[in-house]
>>> print(open('entry-v9.cif').read())   # mmCIF, C-alpha atoms
data_final
#
loop_
_atom_site.label_atom_id
_atom_site.label_comp_id
_atom_site.auth_asym_id
_atom_site.auth_seq_id
_atom_site.Cartn_x
_atom_site.Cartn_y
_atom_site.Cartn_z
CA MET N 1 -97.58 -114.07 230.01
CA LYS N 2 -94.99 -111.50 228.88
CA LYS N 3 -92.20 -113.60 230.39
CA THR N 4 -93.46 -116.68 228.53
CA LEU N 5 -93.54 -114.82 225.18
CA ALA N 6 -90.07 -113.42 225.75
CA LEU N 7 -88.71 -116.86 226.52
CA ALA N 8 -90.32 -118.36 223.41
CA LEU N 9 -88.92 -115.57 221.23
CA ALA N 10 -85.43 -116.13 222.62
CA LEU N 11 -85.64 -119.86 221.86
CA VAL N 12 -86.73 -119.19 218.26
CA MET N 13 -83.82 -116.78 217.76
CA CYS N 14 -81.32 -119.33 219.13
CA LEU N 15 -82.68 -122.08 216.86
CA SER N 16 -82.46 -119.77 213.84
CA ALA N 17 -78.85 -118.96 214.62
CA LEU N 18 -77.97 -122.63 214.98
CA ILE N 19 -79.64 -123.52 211.67
CA GLY N 20 -77.85 -120.65 209.94
CA CYS N 21 -74.49 -121.87 211.25
CA GLY N 22 -75.27 -125.39 210.12
CA ASN N 23 -76.03 -124.21 206.59
CA LYS N 24 -72.70 -122.41 206.40
CA ASN N 25 -70.73 -125.49 207.39
CA ASN N 26 -72.50 -128.02 205.16
CA GLY N 27 -71.56 -128.01 201.52
CA GLY N 28 -69.55 -124.77 201.66
CA ASN N 29 -66.50 -124.77 199.37
CA ALA N 30 -63.14 -123.98 200.88
CA THR N 31 -60.32 -122.23 199.09
CA GLY N 32 -57.66 -124.46 200.61
CA GLY N 33 -57.50 -126.91 197.69
CA ASP N 34 -54.50 -125.28 196.03
CA GLN N 35 -51.86 -127.05 198.11
CA PRO N 36 -49.96 -129.97 196.53
CA GLY N 37 -51.70 -133.27 197.22
CA THR N 38 -54.58 -131.62 199.05
CA GLY N 39 -58.00 -130.23 198.41
CA ASP N 40 -61.11 -128.94 200.10
CA VAL N 41 -62.59 -131.41 202.58
CA GLY N 42 -65.50 -129.23 203.63
CA GLY N 43 -65.88 -125.98 205.53
CA GLY N 44 -64.32 -122.62 204.76
CA ALA N 45 -65.73 -119.74 202.76
CA ALA N 46 -69.05 -120.38 201.04
CA THR N 47 -69.33 -119.83 197.28
CA THR N 48 -71.85 -117.63 195.53
CA ASP N 49 -73.33 -120.73 193.92
CA ASP N 50 -74.62 -123.99 195.36
CA LEU N 51 -72.89 -126.07 192.65
CA ARG N 52 -69.78 -127.57 194.21
CA VAL N 53 -67.17 -128.07 191.45
CA ASP N 54 -63.95 -129.99 192.08
CA VAL N 55 -61.09 -129.76 189.57
CA PHE N 56 -58.30 -132.32 189.68
CA TYR N 57 -54.97 -131.48 188.02
CA TYR N 58 -52.31 -134.04 187.26
CA ASP N 59 -49.54 -131.63 188.34
CA PHE N 60 -49.68 -127.94 189.27
CA SER N 61 -46.01 -127.59 188.21
CA ASP N 62 -46.83 -128.20 184.52
CA VAL N 63 -46.59 -124.76 182.88
CA TYR N 64 -49.38 -125.31 180.35
CA ILE N 65 -51.68 -126.85 182.96
CA SER N 66 -51.02 -123.85 185.23
CA THR N 67 -52.24 -121.59 182.44
CA VAL N 68 -55.40 -123.65 182.00
CA ARG N 69 -55.97 -123.57 185.76
CA ALA N 70 -55.64 -119.78 185.95
CA SER N 71 -58.10 -119.30 183.10
CA LEU N 72 -60.60 -121.89 184.35
CA ASP N 73 -60.47 -120.46 187.87
CA GLN N 74 -61.35 -117.01 186.59
CA GLN N 75 -64.11 -118.20 184.27
CA LEU N 76 -65.71 -120.31 187.01
CA LYS N 77 -65.55 -117.41 189.46
CA ASP N 78 -67.18 -115.16 186.85
CA LEU N 79 -69.97 -117.74 186.73
CA GLY N 80 -70.33 -117.50 190.52
CA ILE N 81 -68.50 -120.73 191.32
CA GLU N 82 -65.44 -120.98 193.57
CA PRO N 83 -63.67 -124.13 192.34
CA ASN N 84 -61.95 -126.61 194.62
CA ASN N 85 -58.57 -127.31 192.99
CA TRP N 86 -56.62 -130.47 193.72
CA ASP N 87 -52.97 -131.18 192.85
CA ALA N 88 -52.08 -134.84 192.34
CA ALA N 89 -48.39 -133.89 191.93
CA GLY N 90 -48.00 -136.64 189.32
CA SER N 91 -49.45 -139.44 191.48
CA GLN N 92 -52.49 -141.38 190.27
CA PRO N 93 -53.21 -143.00 193.68
CA THR N 94 -53.20 -139.51 195.18
CA GLN N 95 -55.63 -138.24 192.57
CA THR N 96 -57.97 -141.21 192.97
CA ASP N 97 -58.07 -140.62 196.73
CA GLN N 98 -58.74 -136.92 196.13
CA VAL N 99 -61.71 -137.72 193.89
CA ASN N 100 -63.22 -140.02 196.50
CA THR N 101 -62.68 -137.39 199.21
CA ALA N 102 -64.38 -134.71 197.10
CA ILE N 103 -67.38 -136.96 196.39
CA THR N 104 -67.75 -137.70 200.10
CA ALA N 105 -67.60 -133.96 200.79
CA GLY N 106 -70.55 -133.37 198.45
CA SER N 107 -69.07 -132.61 195.03
CA LYS N 108 -71.65 -132.06 192.28
CA LEU N 109 -69.22 -132.04 189.33
CA LEU N 110 -65.79 -133.61 188.80
CA ILE N 111 -63.39 -132.05 186.26
CA VAL N 112 -60.39 -134.34 185.87
CA ASN N 113 -56.97 -133.92 184.28
CA ILE N 114 -56.08 -137.60 184.67
CA VAL N 115 -52.56 -138.55 185.78
CA GLU N 116 -52.20 -142.05 184.37
CA THR N 117 -52.69 -142.40 180.62
CA SER N 118 -50.99 -145.73 179.86
CA THR N 119 -54.04 -147.65 181.12
CA SER N 120 -57.76 -146.87 181.29
CA ASP N 121 -58.21 -148.36 184.76
CA PRO N 122 -57.83 -145.12 186.82
CA ALA N 123 -60.24 -143.22 184.57
CA LYS N 124 -62.69 -146.14 184.74
CA ASP N 125 -62.47 -146.09 188.55
CA ILE N 126 -63.26 -142.37 188.60
CA VAL N 127 -66.21 -142.83 186.25
CA GLU N 128 -67.57 -145.62 188.45
CA ALA N 129 -67.27 -143.41 191.55
CA ALA N 130 -69.08 -140.59 189.71
CA ARG N 131 -71.80 -142.98 188.56
CA LYS N 132 -72.44 -144.21 192.10
CA ALA N 133 -72.75 -140.59 193.26
CA ASP N 134 -74.88 -139.75 190.18
CA ILE N 135 -72.72 -136.74 189.30
CA PRO N 136 -71.15 -135.71 185.96
CA VAL N 137 -67.44 -136.04 185.22
CA ILE N 138 -65.50 -134.06 182.62
CA PHE N 139 -62.04 -135.30 181.67
CA PHE N 140 -59.75 -132.80 179.96
CA ASN N 141 -56.38 -132.35 178.26
CA ARG N 142 -55.03 -135.89 178.75
CA GLU N 143 -56.78 -138.39 176.50
CA VAL N 144 -59.02 -141.11 177.95
CA ALA N 145 -60.57 -144.08 176.15
CA ASP N 146 -63.77 -143.84 174.14
CA ASN N 147 -65.73 -146.96 175.01
CA ASP N 148 -64.12 -147.97 178.31
CA VAL N 149 -64.46 -144.47 179.76
CA ILE N 150 -66.51 -141.82 177.93
CA ASN N 151 -69.21 -144.05 176.43
CA SER N 152 -69.53 -146.06 179.65
CA TYR N 153 -71.46 -143.28 181.41
CA ASP N 154 -74.00 -140.84 179.97
CA LYS N 155 -72.78 -138.05 182.27
CA CYS N 156 -69.17 -138.23 181.08
CA ALA N 157 -67.32 -136.10 178.49
CA PHE N 158 -63.82 -135.14 177.39
CA VAL N 159 -62.37 -131.78 176.34
CA GLY N 160 -58.98 -131.84 174.65
CA THR N 161 -57.11 -131.64 171.42
CA ASN N 162 -56.74 -134.05 168.54
CA ALA N 163 -53.33 -135.40 169.56
CA PRO N 164 -51.84 -136.06 166.09
CA ASP N 165 -52.53 -132.50 164.92
CA ALA N 166 -49.78 -130.98 167.06
CA GLY N 167 -47.21 -133.44 165.73
CA HIS N 168 -48.25 -132.90 162.12
CA MET N 169 -48.20 -129.12 162.48
CA GLN N 170 -44.87 -129.12 164.30
CA GLY N 171 -43.29 -131.43 161.72
CA GLU N 172 -44.47 -129.28 158.82
CA MET N 173 -43.23 -126.14 160.59
CA ILE N 174 -39.81 -127.70 161.16
CA GLY N 175 -39.51 -128.93 157.57
CA ASN N 176 -40.40 -125.56 156.09
CA TYR N 177 -38.02 -123.71 158.41
CA LEU N 178 -35.14 -126.04 157.52
CA LEU N 179 -35.72 -125.64 153.78
CA ALA N 180 -35.52 -121.86 154.17
CA ASN N 181 -32.43 -121.98 156.41
CA TYR N 182 -30.68 -125.23 155.54
CA ASP N 183 -27.08 -124.06 155.16
CA LYS N 184 -27.27 -121.95 158.30
CA VAL N 185 -28.63 -124.86 160.36
CA ASP N 186 -26.15 -127.38 158.91
CA LEU N 187 -23.30 -126.27 161.19
CA ASN N 188 -20.74 -128.89 160.12
CA GLY N 189 -21.60 -128.58 156.42
CA ASP N 190 -22.15 -132.31 155.88
CA GLY N 191 -25.43 -131.77 154.02
CA LYS N 192 -27.53 -133.36 156.80
CA ILE N 193 -29.31 -132.09 159.90
CA SER N 194 -28.62 -133.85 163.22
CA TYR N 195 -31.45 -133.65 165.75
CA VAL N 196 -32.51 -134.67 169.23
CA MET N 197 -36.12 -135.31 170.30
CA PHE N 198 -37.33 -134.71 173.87
CA LYS N 199 -40.41 -136.76 174.73
CA GLY N 200 -42.64 -135.86 177.66
CA GLN N 201 -44.02 -139.22 178.73
CA GLU N 202 -44.24 -142.81 177.55
CA ALA N 203 -47.68 -144.12 176.52
CA ASN N 204 -49.25 -140.65 176.58
CA ALA N 205 -51.32 -140.04 173.44
CA GLU N 206 -50.09 -136.47 172.97
CA ALA N 207 -46.44 -137.39 173.55
CA GLU N 208 -46.62 -140.39 171.22
CA ALA N 209 -48.15 -138.37 168.38
CA ARG N 210 -45.83 -135.39 168.76
CA THR N 211 -42.76 -137.61 168.90
CA GLN N 212 -43.76 -139.57 165.81
CA PHE N 213 -45.13 -136.87 163.53
CA GLY N 214 -42.82 -134.04 164.59
CA GLN N 215 -39.99 -136.00 162.98
CA GLU N 216 -41.86 -137.91 160.26
CA ASP N 217 -43.62 -134.89 158.79
CA ALA N 218 -40.43 -132.83 158.84
CA ASP N 219 -38.79 -135.64 156.86
CA LYS N 220 -41.62 -135.60 154.33
CA VAL N 221 -41.13 -131.90 153.67
CA LEU N 222 -37.35 -132.29 153.37
CA THR N 223 -37.31 -135.36 151.15
CA ALA N 224 -39.99 -133.93 148.85
CA ALA N 225 -37.59 -131.04 148.24
CA GLY N 226 -34.64 -133.35 147.56
CA LYS N 227 -33.02 -132.98 150.96
CA PRO N 228 -31.99 -135.94 153.15
CA ALA N 229 -34.17 -136.95 156.09
CA LEU N 230 -33.21 -135.83 159.57
CA GLU N 231 -30.53 -137.86 161.34
CA TYR N 232 -30.83 -138.65 165.04
CA TYR N 233 -27.71 -137.46 166.84
CA ASP N 234 -26.95 -141.02 168.06
CA ALA N 235 -27.30 -143.41 165.14
CA SER N 236 -26.98 -146.44 167.45
CA ALA N 237 -29.84 -145.43 169.76
CA ALA N 238 -32.66 -148.00 169.98
CA THR N 239 -35.25 -145.25 170.42
CA LYS N 240 -35.00 -141.92 168.62
CA TYR N 241 -35.97 -139.76 171.58
CA LEU N 242 -35.04 -138.96 175.19
CA VAL N 243 -37.97 -139.22 177.59
CA ASP N 244 -38.70 -137.43 180.85
CA THR N 245 -38.62 -140.52 183.05
CA ALA N 246 -40.72 -138.76 185.70
CA GLY N 247 -43.49 -138.16 183.14
CA LYS N 248 -43.60 -134.45 183.98
CA TRP N 249 -42.57 -133.01 180.57
CA SER N 250 -40.23 -130.80 182.58
CA ALA N 251 -37.70 -128.13 181.72
CA GLN N 252 -35.34 -129.72 184.21
CA ALA N 253 -35.37 -133.08 182.43
CA ALA N 254 -34.53 -131.52 179.05
CA ASN N 255 -31.91 -129.25 180.62
CA ASP N 256 -30.19 -132.20 182.32
CA TYR N 257 -30.14 -134.20 179.10
CA MET N 258 -28.86 -131.26 177.08
CA VAL N 259 -26.07 -130.38 179.53
CA THR N 260 -24.83 -133.96 179.30
CA LEU N 261 -25.11 -134.10 175.51
CA LEU N 262 -23.21 -130.87 174.98
CA GLY N 263 -20.22 -132.40 176.71
CA SER N 264 -19.81 -134.84 173.80
CA TYR N 265 -21.83 -133.35 170.95
CA ASN N 266 -20.44 -129.91 170.25
CA LYS N 267 -18.90 -127.76 167.55
CA ASP N 268 -15.33 -128.59 168.61
CA ASN N 269 -16.04 -132.28 168.03
CA ASN N 270 -17.70 -131.44 164.70
CA ASN N 271 -20.87 -133.30 165.72
CA MET N 272 -23.00 -130.51 167.18
CA ILE N 273 -26.70 -131.27 167.52
CA GLU N 274 -28.25 -128.92 164.97
CA LEU N 275 -31.98 -129.17 165.76
CA ILE N 276 -33.98 -129.70 168.96
CA ILE N 277 -37.58 -130.96 168.83
CA CYS N 278 -39.59 -130.96 172.07
CA ASN N 279 -43.02 -132.33 172.97
CA ASN N 280 -43.80 -129.18 174.94
CA ASP N 281 -42.47 -125.70 175.65
CA GLY N 282 -41.33 -126.59 179.15
CA MET N 283 -38.78 -129.01 177.71
CA ALA N 284 -37.90 -126.50 175.00
CA THR N 285 -37.06 -123.78 177.53
CA GLY N 286 -34.94 -126.26 179.50
CA ALA N 287 -32.97 -127.15 176.39
CA ILE N 288 -32.49 -123.48 175.51
CA SER N 289 -31.17 -122.74 178.98
CA ALA N 290 -28.47 -125.40 178.51
CA LEU N 291 -27.59 -123.97 175.09
CA GLN N 292 -27.35 -120.45 176.46
CA ASN N 293 -24.95 -121.58 179.17
CA VAL N 294 -22.42 -122.52 176.49
CA GLY N 295 -22.95 -119.47 174.28
CA TYR N 296 -25.75 -120.46 171.91
CA ASN N 297 -29.22 -118.95 171.47
CA ASN N 298 -28.35 -115.70 173.25
CA GLY N 299 -29.76 -113.41 170.63
CA GLU N 300 -28.24 -111.48 167.75
CA GLY N 301 -24.58 -112.25 167.13
CA THR N 302 -24.73 -115.80 168.54
CA THR N 303 -25.35 -119.10 166.80
CA ILE N 304 -29.01 -120.10 167.06
CA ILE N 305 -29.80 -123.81 167.26
CA PRO N 306 -33.43 -124.18 166.13
CA VAL N 307 -35.67 -125.29 169.01
CA PHE N 308 -39.33 -126.18 168.51
CA GLY N 309 -41.96 -126.87 171.17
CA VAL N 310 -45.71 -127.18 171.72
CA ASP N 311 -48.10 -125.04 173.79
CA ALA N 312 -47.03 -121.44 173.01
CA THR N 313 -46.63 -120.63 176.70
CA ASP N 314 -45.78 -117.07 177.68
CA ASP N 315 -42.13 -118.02 178.32
CA ALA N 316 -41.85 -119.69 174.94
CA LYS N 317 -43.48 -116.76 173.13
CA ALA N 318 -41.01 -114.38 174.75
CA LEU N 319 -38.07 -116.56 173.64
CA ILE N 320 -39.47 -116.73 170.11
CA LYS N 321 -39.89 -112.95 169.94
CA GLN N 322 -36.28 -112.56 171.18
CA GLY N 323 -35.06 -114.90 168.45
CA ASN N 324 -33.81 -117.54 170.90
CA MET N 325 -36.48 -120.16 170.11
CA THR N 326 -37.79 -120.90 166.63
CA GLY N 327 -41.42 -121.89 166.95
CA SER N 328 -44.21 -123.60 168.87
CA ILE N 329 -47.64 -125.08 168.28
CA LYS N 330 -50.25 -123.17 170.24
CA GLN N 331 -52.42 -125.25 172.53
CA ASP N 332 -55.16 -122.84 173.48
CA ALA N 333 -55.35 -122.79 177.30
CA VAL N 334 -58.11 -120.16 177.37
CA GLY N 335 -60.04 -122.06 174.70
CA MET N 336 -59.66 -125.28 176.69
CA ALA N 337 -61.04 -123.55 179.80
CA SER N 338 -63.94 -121.87 178.00
CA THR N 339 -64.97 -125.15 176.38
CA ILE N 340 -65.01 -126.84 179.78
CA LEU N 341 -67.06 -123.91 181.07
CA THR N 342 -69.76 -124.58 178.46
CA LEU N 343 -70.25 -128.04 179.98
CA VAL N 344 -70.20 -126.61 183.51
CA GLN N 345 -72.96 -124.19 182.51
CA ASN N 346 -75.00 -127.13 181.22
CA VAL N 347 -74.65 -128.89 184.57
CA LYS N 348 -75.49 -125.68 186.42
CA SER N 349 -78.66 -125.13 184.39
CA GLY N 350 -79.79 -128.75 184.49
CA ALA N 351 -79.22 -129.33 180.77
CA ALA N 352 -77.66 -132.47 179.31
CA LEU N 353 -73.87 -132.45 179.60
CA MET N 354 -73.24 -132.15 175.83
CA ASP N 355 -75.95 -129.59 175.08
CA ASN N 356 -74.89 -126.30 173.42
CA THR N 357 -71.82 -127.83 171.76
CA SER N 358 -72.89 -127.61 168.11
CA ASN N 359 -70.27 -124.91 167.42
CA TYR N 360 -67.45 -127.16 168.61
CA THR N 361 -65.66 -130.00 166.85
CA VAL N 362 -67.10 -133.14 168.44
CA ASP N 363 -66.04 -136.71 167.67
CA GLU N 364 -68.66 -138.87 166.02
CA GLY N 365 -70.31 -141.29 168.41
CA VAL N 366 -68.46 -140.16 171.54
CA ALA N 367 -68.70 -137.09 173.79
CA LYS N 368 -65.25 -135.71 173.01
CA ILE N 369 -64.75 -132.05 172.09
CA ARG N 370 -61.57 -131.08 170.23
CA VAL N 371 -59.93 -127.68 170.78
CA PRO N 372 -57.86 -126.76 167.70
CA TYR N 373 -54.12 -126.09 167.68
CA GLY N 374 -52.40 -123.20 165.91
CA VAL N 375 -48.91 -122.28 164.70
CA TYR N 376 -46.84 -119.76 166.67
CA ASP N 377 -43.62 -118.24 165.32
CA ALA N 378 -41.82 -114.90 165.25
CA ASN N 379 -44.46 -113.46 162.92
CA SER N 380 -47.42 -114.44 165.11
CA GLU N 381 -49.44 -111.97 167.11
CA ASP N 382 -50.08 -112.67 170.80
#
>>> encode(input="entry-v9.cif", output="structure tokens")
Amino acid sequence: MKKTLALALALVMCLSALIGCGNKNNGGNATGGDQPGTGDVGGGAATTDDLRVDVFYYDFSDVYISTVRASLDQQLKDLGIEPNNWDAAGSQPTQTDQVNTAITAGSKLLIVNIVETSTSDPAKDIVEAARKADIPVIFFNREVADNDVINSYDKCAFVGTNAPDAGHMQGEMIGNYLLANYDKVDLNGDGKISYVMFKGQEANAEAEARTQFGQEDADKVLTAAGKPALEYYDASAATKYLVDTAGKWSAQAANDYMVTLLGSYNKDNNNMIELIICNNDGMATGAISALQNVGYNNGEGTTIIPVFGVDATDDAKALIKQGNMTGSIKQDAVGMASTILTLVQNVKSGAALMDNTSNYTVDEGVAKIRVPYGVYDANSED
């Protein structure tokens, strides 16, 4: 009898151990999703919460996106969630595959920084995959369509900015700076300001708005004060901007352009580019690096070519404080992350996705929350 009881007890203990191991392996979130083009496919360290959250970034190398990622990681961890981060490295097919892999692995919430913005098809595909799995999807930062995407699924939302605002604010900032410093900026004394515009990506809502209004609104300020409108450095150019052909809004792209331009457009040739407008701070820092290599924008005692960007990244703020960059439009990375977190908390608690958003700016008739921009210059506080 004692032997029978002992044997039964041993069997129960073995079964319990096997069940415990099975629970650890099923649905546990790994921390291996931070490699380019990869993500968690199951297994690894378990989280402190049973809500599996997968976050898909268009490109880890984007400086602003890296700041959002760091903030969102920390806020999710504070909530007891270990996020699975995925890097599409600028490839939409890669990102679409990553989303499908995460859903198969048991994801309960998709947070997507979409790669492709020139067409709604990739976002629509992701929404359809989320619908089939009956899980929410939150798009962020890179604009997606209202009706084709957000309104097509009741568990879908977007967190981002109002794209034109950055362009309007940047243009006004540029115009006001030029009015206060016109003669100093007009290096060749011809009474006009020659500029170059660096555009991050074709057909991207943010890039389109910043490119258009950064120049147009500066012109409005100048012409209202009796000054001539800005002149693009190459009057014969069909388009009045230079685009990052890789769509990465990169410092390298702007640096490469600027190095080439400075070979022909310089003070010795009396046609120096006198103003640089950039869609983001990454491109601004790349342009400044090229300027510094030929003696400009190296601080007090050197000629400063005004350079304006968007994002107010840490690198840009440091350059502005040093006097080597003129200004930026702050895109609030922490605010972006905390707004996303509000929606995550709704999912976690079982509330509707857009509950608890009355304090935010929400578009009428569509689940889109707008995080406001701000101006950052040498007088701003961090």
>>> resolve_selection(input="entry-v9.cif", expression="the PyMOL selection byres ((chain N and resi 328-330) around 8)", output="PDB file with C-alpha atoms, keeping the file's coordinate frame")
ATOM      1  CA  ALA N 166     -49.780-130.980 167.060  1.00  0.00           C
ATOM      2  CA  MET N 169     -48.200-129.120 162.480  1.00  0.00           C
ATOM      3  CA  GLN N 170     -44.870-129.120 164.300  1.00  0.00           C
ATOM      4  CA  ASP N 281     -42.470-125.700 175.650  1.00  0.00           C
ATOM      5  CA  PHE N 308     -39.330-126.180 168.510  1.00  0.00           C
ATOM      6  CA  GLY N 309     -41.960-126.870 171.170  1.00  0.00           C
ATOM      7  CA  VAL N 310     -45.710-127.180 171.720  1.00  0.00           C
ATOM      8  CA  ASP N 311     -48.100-125.040 173.790  1.00  0.00           C
ATOM      9  CA  ALA N 312     -47.030-121.440 173.010  1.00  0.00           C
ATOM     10  CA  THR N 313     -46.630-120.630 176.700  1.00  0.00           C
ATOM     11  CA  ALA N 316     -41.850-119.690 174.940  1.00  0.00           C
ATOM     12  CA  THR N 326     -37.790-120.900 166.630  1.00  0.00           C
ATOM     13  CA  GLY N 327     -41.420-121.890 166.950  1.00  0.00           C
ATOM     14  CA  GLN N 331     -52.420-125.250 172.530  1.00  0.00           C
ATOM     15  CA  ASP N 332     -55.160-122.840 173.480  1.00  0.00           C
ATOM     16  CA  TYR N 373     -54.120-126.090 167.680  1.00  0.00           C
ATOM     17  CA  GLY N 374     -52.400-123.200 165.910  1.00  0.00           C
ATOM     18  CA  VAL N 375     -48.910-122.280 164.700  1.00  0.00           C
ATOM     19  CA  TYR N 376     -46.840-119.760 166.670  1.00  0.00           C
ATOM     20  CA  ASP N 377     -43.620-118.240 165.320  1.00  0.00           C
TER      21      ASP N 377
END
>>> closest_residue(input="entry-v9.cif", among="N:Ile273, N:Arg370, N:Gln95, N:Gly350", to="Leu187 (chain N)", atoms="all atoms listed in the file")
N:Ile273
>>> resolve_selection(input="entry-v9.cif", expression="the PyMOL selection byres ((chain N and resi 188) around 8)", output="list of chain:residue names")
N:Asp186, N:Leu187, N:Gly189, N:Asp190, N:Lys267, N:Asn270, N:Asn271, N:Met272
>>> write_last_selection(input="entry-v9.cif", atoms="C-alpha atoms", output="PDB file, keeping the file's coordinate frame")
ATOM      1  CA  ASP N 186     -26.150-127.380 158.910  1.00  0.00           C
ATOM      2  CA  LEU N 187     -23.300-126.270 161.190  1.00  0.00           C
ATOM      3  CA  GLY N 189     -21.600-128.580 156.420  1.00  0.00           C
ATOM      4  CA  ASP N 190     -22.150-132.310 155.880  1.00  0.00           C
ATOM      5  CA  LYS N 267     -18.900-127.760 167.550  1.00  0.00           C
ATOM      6  CA  ASN N 270     -17.700-131.440 164.700  1.00  0.00           C
ATOM      7  CA  ASN N 271     -20.870-133.300 165.720  1.00  0.00           C
ATOM      8  CA  MET N 272     -23.000-130.510 167.180  1.00  0.00           C
TER       9      MET N 272
END
>>> atom_distance(input="entry-v9.cif", atom1="CA of Leu353 (chain N)", atom2="CA of Lys155 (chain N)")
6.3 Å
>>> residues_around(input="entry-v9.cif", residues="Arg69 (chain N)", least_positions_apart="4", cutoff="9 Å", atoms="only C-alpha atoms", output="list in words")
Val55, Tyr57, Phe60, Tyr64, Ile65, Asp73, Gln74, Asn85, Ala333 and Ala337 of chain N
>>> resolve_selection(input="entry-v9.cif", expression="the PyMOL selection byres ((chain N and resi 99-111) around 6)", output="PDB file with C-alpha atoms, in the coordinates of the input")
ATOM      1  CA  VAL N  41     -62.590-131.410 202.580  1.00  0.00           C
ATOM      2  CA  GLY N  42     -65.500-129.230 203.630  1.00  0.00           C
ATOM      3  CA  ARG N  52     -69.780-127.570 194.210  1.00  0.00           C
ATOM      4  CA  VAL N  53     -67.170-128.070 191.450  1.00  0.00           C
ATOM      5  CA  ASP N  54     -63.950-129.990 192.080  1.00  0.00           C
ATOM      6  CA  VAL N  55     -61.090-129.760 189.570  1.00  0.00           C
ATOM      7  CA  THR N  96     -57.970-141.210 192.970  1.00  0.00           C
ATOM      8  CA  ASP N  97     -58.070-140.620 196.730  1.00  0.00           C
ATOM      9  CA  GLN N  98     -58.740-136.920 196.130  1.00  0.00           C
ATOM     10  CA  VAL N 112     -60.390-134.340 185.870  1.00  0.00           C
ATOM     11  CA  ILE N 135     -72.720-136.740 189.300  1.00  0.00           C
ATOM     12  CA  PRO N 136     -71.150-135.710 185.960  1.00  0.00           C
ATOM     13  CA  VAL N 137     -67.440-136.040 185.220  1.00  0.00           C
ATOM     14  CA  ILE N 138     -65.500-134.060 182.620  1.00  0.00           C
ATOM     15  CA  PHE N 139     -62.040-135.300 181.670  1.00  0.00           C
TER      16      PHE N 139
END
>>> atom_distance(input="entry-v9.cif", atom1="CA of Asp78 (chain N)", atom2="CA of Val334 (chain N)")
14.0 Å
>>> atom_distance(input="entry-v9.cif", atom1="CA of Tyr233 (chain N)", atom2="CA of Val196 (chain N)")
6.0 Å
>>> residues_around(input="entry-v9.cif", residues="Tyr195 (chain N)", least_positions_apart="3", cutoff="12 Å", atoms="all atoms listed in the file", output="MDAnalysis selection string")
chainID N and resid 174 178 185:187 192 198 214:215 218:219 229:235 240:242 258 261 265 271:278 305:308
>>> residues_around(input="entry-v9.cif", residues="Ser358 (chain N)", least_positions_apart="6", cutoff="12 Å", atoms="all atoms listed in the file", output="ChimeraX atom specification")
/N:339,342,367,369
>>> residues_around(input="entry-v9.cif", residues="Ala163 (chain N)", least_positions_apart="6", cutoff="10 Å", atoms="all atoms listed in the file", output="list of chain:residue names")
N:Asn141, N:Arg142, N:Glu143, N:Asn204, N:Ala205, N:Glu206, N:Ala207, N:Glu208, N:Ala209, N:Arg210, N:Arg370, N:Pro372, N:Tyr373
>>> residues_near_point(input="entry-v9.cif", point="(-70.8, -123.7, 182.0)", cutoff="12 Å", atoms="all atoms listed in the file", output="PyMOL selection string")
chain N and resi 51+53+72+75-81+109+111+138+337-357
>>> residues_around(input="entry-v9.cif", residues="Pro122 (chain N)", least_positions_apart="2", cutoff="10 Å", atoms="all atoms listed in the file", output="list in words")
Gln92, Pro93, Gln95, Thr96, Ile114, Val115, Glu116, Thr117, Ser118, Thr119, Ser120, Lys124, Asp125, Ile126, Val127, Glu128, Val144 and Val149 of chain N
>>> closest_residue(input="entry-v9.cif", among="N:Tyr182, N:Asn255, N:Pro164, N:Thr260", to="Gln212 (chain N)", atoms="all atoms listed in the file")
N:Pro164
>>> closest_residue(input="entry-v9.cif", among="N:Pro228, N:Thr285, N:Val221, N:Gly200", to="Asp244 (chain N)", atoms="all atoms listed in the file")
N:Gly200
